[in-house]
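S.K.: Questions regarding the structure given below will be posed in turn.
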Amino acid sequence: MAYSIKTDKKWQKRWEETELYKFDPDAKDKKLYCLEMFSYPSGANLHVGHWYNFGLTDSWARMKRMQGHNVFHPMGFDAFGLPAENYAIKTGIHPQDSTLNNIRTMQKQLREIGATYDWNYELATCMPEYYRWNQWIFLRLLEKGLAYRKNAPVNWCPQCNTVLANEQVIDGACERCSAEVVRKNMTQWFFAITKYAQELLDFLPKLDWPEKTKKIQTNWIGRSEGAQISFFCEKDGKPLTDSDNKPLKLNVFTTRADTLLGVTYVVVAPESDICDLLTTEDCRADVARYREQTQKVSDIDRMSTTREKTGVFTGSFAIHPITGEKVPIWAADYVIAGYGTGIVMAVPAHDERDFEFATKFELPIIRVIASAPDAQDELPFIEKGINVNSGEFDGLGFQDSVHAIIGKLSAGDMGELKVNFRLRDWLISRQRYWGTPIPVVHCEKCGVVPVPDEDLPVLLPYDIEFRPDGESPLTKNEAFINIPCPRCGKPARRDADTMDTFVDSSWYQFRYPDNRNDKEPFDRELINTMCPVDKYVGGPEHAAMHLLYARFFTKALRDMGYLNFDEPFASLVHQGIILGPDGNRMSKSRGNTVAPDEYVQKYGSDVFRTYLGFGFAYTEGGPWSDGGLQAIAKFIGRIERLIEEIADGPSGKPFSGDPSGDDKALMYSLHYTIKSVTADTERFQFNTSIARLMELLNAIGKYRESGKVKPALLRKTCETLLLLLSPFAPHFCEEMWERLGNAYSIFNQKWPEYDEAALVLDTIEIAVQVNGQVKFKLDISSDFSAGEVEKIVRADERLPEVLAGRNIVKFIYVKGRLANIVAK
């Protein structure tokens, strides 16, 4: 029958009945773990992005299976999150009901792609048998001091009514709903990812990941070498002291300790507790107004170098640790409480940001670094140089100056060399319902008490009020919240927050191979054999969130003895984005979306998948084109007709004897295609793989037209064409394989291997140029010398006409490619 969606259904049924893609747990020595970033189960049909990621990664996995690998290719659902909860607020449909229904729908659609998933290993993060182990891991992190609770400034989305991690704030707006994000102080749970900052950096070069992604993580972690310098401070003319009645120190981190003598003011983050402490009564109203303004500005905007500087005087002063001079302490929003110490020493002569601020507020600007002793460099002079106006440090270069200044400060415990990181600890608390409950209890007597392991999972109650009011919906469920303390038995309250859904996806790769284990999150021996994931595929937008968090979890679990490897994903590929036909990102509002179902119904899933592979460079994507899809349909149709024509013809005896020139040309095309398709598919360069298959089809057509066809060679070439195409058109190639009378299944066949000897041609075609312009082409022996080629060219009957009376001045031969005649 002609290829259609009926063909798809026929073979999907056969594959499922025969368990063709079932992973063999007894052949772990040949295992290859291929994983796509799992998707959120929305109610809509699979979109082009799903097909592009899942379909073509499956093509790669199919090739690896045919190469002899025992491919482990699971699929699951990232099922917790805001969309289902917001949908419940809007429609009244419970998140559990809508999510489970969407999972059933999406699983059916994923099966229709015809992928090699082994559904025995399916998981969904919203199920208690999964999130129980989120809670278990949380408790292990808590035991190791890697989970902790503190009051801190957070990003608050007033529309979603929840806290957002820094990575979830895009240009000052919530990545989910685009509402303007504000800052507020709340007591939240954090994971101490910063304890692994240096290792997260150190292991990046070893990873087979895109360089851009490694660069994003490097910048996000943001290692800086510098010094910590301390300032004492005064308020209302009196020294400030800490809780131990010792002089209070303001600690700043700087990469330019050489500029210390140029400090003319100190800046604190307006939202910080230290700002409250430093603010005098005379300045309190002004600082309060300024803090209110600051809450409306995102961290990204606050750190922008182009934004106008704003600030307010706190009324207090810092004491310079070397000169003893008083410098004013200001609150300014270009300093952020969560970054560094939240306090900055300002050196306006040598920092653009400080210079702009000092100029605006008429603060002193003192030059202490110059390119030469008497140089009057334009300020701000931000380059390294030598110290001037710096007393005993005058004339010192950068390194000598830093060591001399820190040496003097360290004697009084006021300074030390230090490494700092831009990376902040991971805030995981969310004031929403549809997520993993945090497994702790708050008791007035015992404090924070972990839920005992035997009481896990802490189940999400079904009966819940979803009206958003800034508190977790769980606080309104008295039966959930009010429980006896596990330690003393007195009345206590559960923690009402749920975990960031990135917790779910930080370790899911370890649950897949052991998804039915009800005694532990995973068997250590099994996962240490199955992991890390060999090939991981997903969007580049997760570079600073999911991928970083998963690396942290892996290292933490390793250090707790549950894993014996360092990284979760050995090799990573990012797919590009399919744009609308107009070149813009697909959007319902733009009317440029593409519905895969429409094309699959019309052409079949293999035509759709093959076009996605051929029409785009996988890691780049590009605009959609219906014309490209039609070209693939014609390509598939040509192969179908070819197979039909040779299927009923004589197969011929095994190919033997001396091959003719036409035979050699076909064999060259065949083995060149095998070599190219294998290498390009391995690199996810599917477009060039399919282009080579089109060229092979053309070579087969040329061979058949020669009239000197050897049936065995033709059949072997056509079968190889099907084998090479099968990862991209699996249903179609199964059908054609069967049509040729071959045994089920094509995917049980060995992937073709090329013969290097067949890639050496006896004759080759070269271009003959005159003064750089191609005039004719010529077949010559591949091993001819330049002299032999020149003799043949000079003897060619076409040469006199193209020379047109000119003389040959020089003959140039580029071996295997062209001959160029310089004529005058």
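Numbering starts fresh at 1 for the residues of each chain in the structure tokens, the chains themselves are lettered A, B, ... in the order given, and ligands are numbered from 1 as they appear.
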Find the spatial neighbours of Leu642 (chain A), counting only C-alpha atoms, within a cut-off of 10 Å - ignore same-chain residues fewer than 6 positions away - and output them as a list in words.
M.R.: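 Everything that qualifies: Ile636, Leu697, Ile700, Gly701, Cys718 and Met736 of chain A.
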S.K.: Would you please extract all alpha helix (DSSP H) residues from region 772-808 of chain A, as assigned by DSSP on the backbone, and give them as a ChimeraX atom specification?
M.R.: /A:786-795,799-803
S.K.: Could you write out the selected residues, including C-alpha atoms, as a PDB file, in the first residue's frame?
M.R.:
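Here's the written file out-v5.pdb:
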ATOM      1  CA  ALA A 786      50.021  16.747 -13.594  1.00  0.00           C
ATOM      2  CA  GLY A 787      52.094  16.080 -16.749  1.00  0.00           C
ATOM      3  CA  GLU A 788      49.789  13.266 -17.856  1.00  0.00           C
ATOM      4  CA  VAL A 789      46.710  15.407 -17.260  1.00  0.00           C
ATOM      5  CA  GLU A 790      48.245  18.272 -19.288  1.00  0.00           C
ATOM      6  CA  LYS A 791      48.864  15.937 -22.236  1.00  0.00           C
ATOM      7  CA  ILE A 792      45.224  14.778 -22.191  1.00  0.00           C
ATOM      8  CA  VAL A 793      43.883  18.329 -21.919  1.00  0.00           C
ATOM      9  CA  ARG A 794      46.097  19.591 -24.782  1.00  0.00           C
ATOM     10  CA  ALA A 795      44.897  16.696 -26.927  1.00  0.00           C
ATOM     11  CA  LEU A 799      40.515  22.987 -26.453  1.00  0.00           C
ATOM     12  CA  PRO A 800      41.187  24.995 -29.668  1.00  0.00           C
ATOM     13  CA  GLU A 801      37.697  26.441 -29.618  1.00  0.00           C
ATOM     14  CA  VAL A 802      37.890  27.622 -25.995  1.00  0.00           C
ATOM     15  CA  LEU A 803      41.401  29.041 -26.471  1.00  0.00           C
TER      16      LEU A 803
END
S.K.: What's around region 247-251 of chain A at 8 Å? Count only C-alpha atoms, leave out sequence neighbours fewer than 3 positions away in its own chain, and write the answer as a PyMOL selection string.
M.R.: chain A and resi 228-233+239-242+341+343
S.K.: Leaving out Lys555 (chain A) and any residue of its chain fewer than 3 positions from it, which residues lie within 6 Å of it when counting only C-alpha atoms, given as a PyMOL selection string?
M.R.: chain A and resi 552+558+566
S.K.: Tell me which protein, DNA and RNA residues are within 10 Å of Gly222 (chain A), counting only C-alpha atoms, leaving out same-chain ones fewer than 6 positions away, and put them as a PyMOL selection string.
M.R.: chain A and resi 197-198+201+216+420-423
S.K.: Neighbouring residues of region 315-326 of chain A were defined as those with any atom within 9 Å, considering only C-alpha atoms; residues of the same chain fewer than 5 positions away were excluded. Please report them as a list in words.
M.R.: Ile229, Ser230, Phe231, Phe232, Cys233, Glu234, Lys235, Asp236, Gly237, Leu250, Leu260, Leu261, Val263, Thr264, Tyr265, Val266, Leu278, Thr279, Thr280, Glu281, Asp282, Cys283, Arg284, Ile405, Lys408, Leu409 and Met414 of chain A
S.K.: Using DSSP on the backbone coordinates, identify all residues within region 373-451 of chain A classified as strand (DSSP E); present the result as a list in words.
M.R.: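 Matching residues, listed in order: Ile386, Asn387, Gly415, Glu416, Leu417, Lys418, Val419, Asn420, Phe421, Trp426, Leu427, Ser429, Arg430, Val440, Val441, His442, Cys443, Gly447, Val448, Val449 and Pro450 of chain A.
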S.K.: Identify, on the basis of only C-alpha atoms, every residue whose closest approach to Gly622 (chain A) does not exceed 12 Å; exclude the query and any residue fewer than 2 positions from it along the same chain; express the result as number ranges by chain.
M.R.: A: 48-49, 52, 575-586, 612-620, 624-625
S.K.: Mind giving me the straight-line distance from CA of Leu548 (chain A) to CA of Gln509 (chain A) in Å, one decimal?
M.R.: 14.1 Å
S.K.: What does the distance between CA of Ile746 (chain A) and CA of Glu19 (chain A) come to in Å, to one decimal place?
M.R.: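 Between CA of Ile746 (chain A) and CA of Glu19 (chain A) the gap works out to 14.3 Å.
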S.K.: So how far away is CA of Val607 (chain A) from CA of Asn592 (chain A), in Å?
M.R.: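 So the answer is 21.0 Å.
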S.K.: Rank nothing, just name the residue among A:Met186, A:Val533, A:Ala192, A:Leu20 nearest to Glu271 (chain A), using only C-alpha atoms.
M.R.: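 Nearest candidate to Glu271 (chain A) out of A:Met186, A:Val533, A:Ala192, A:Leu20: A:Met186.
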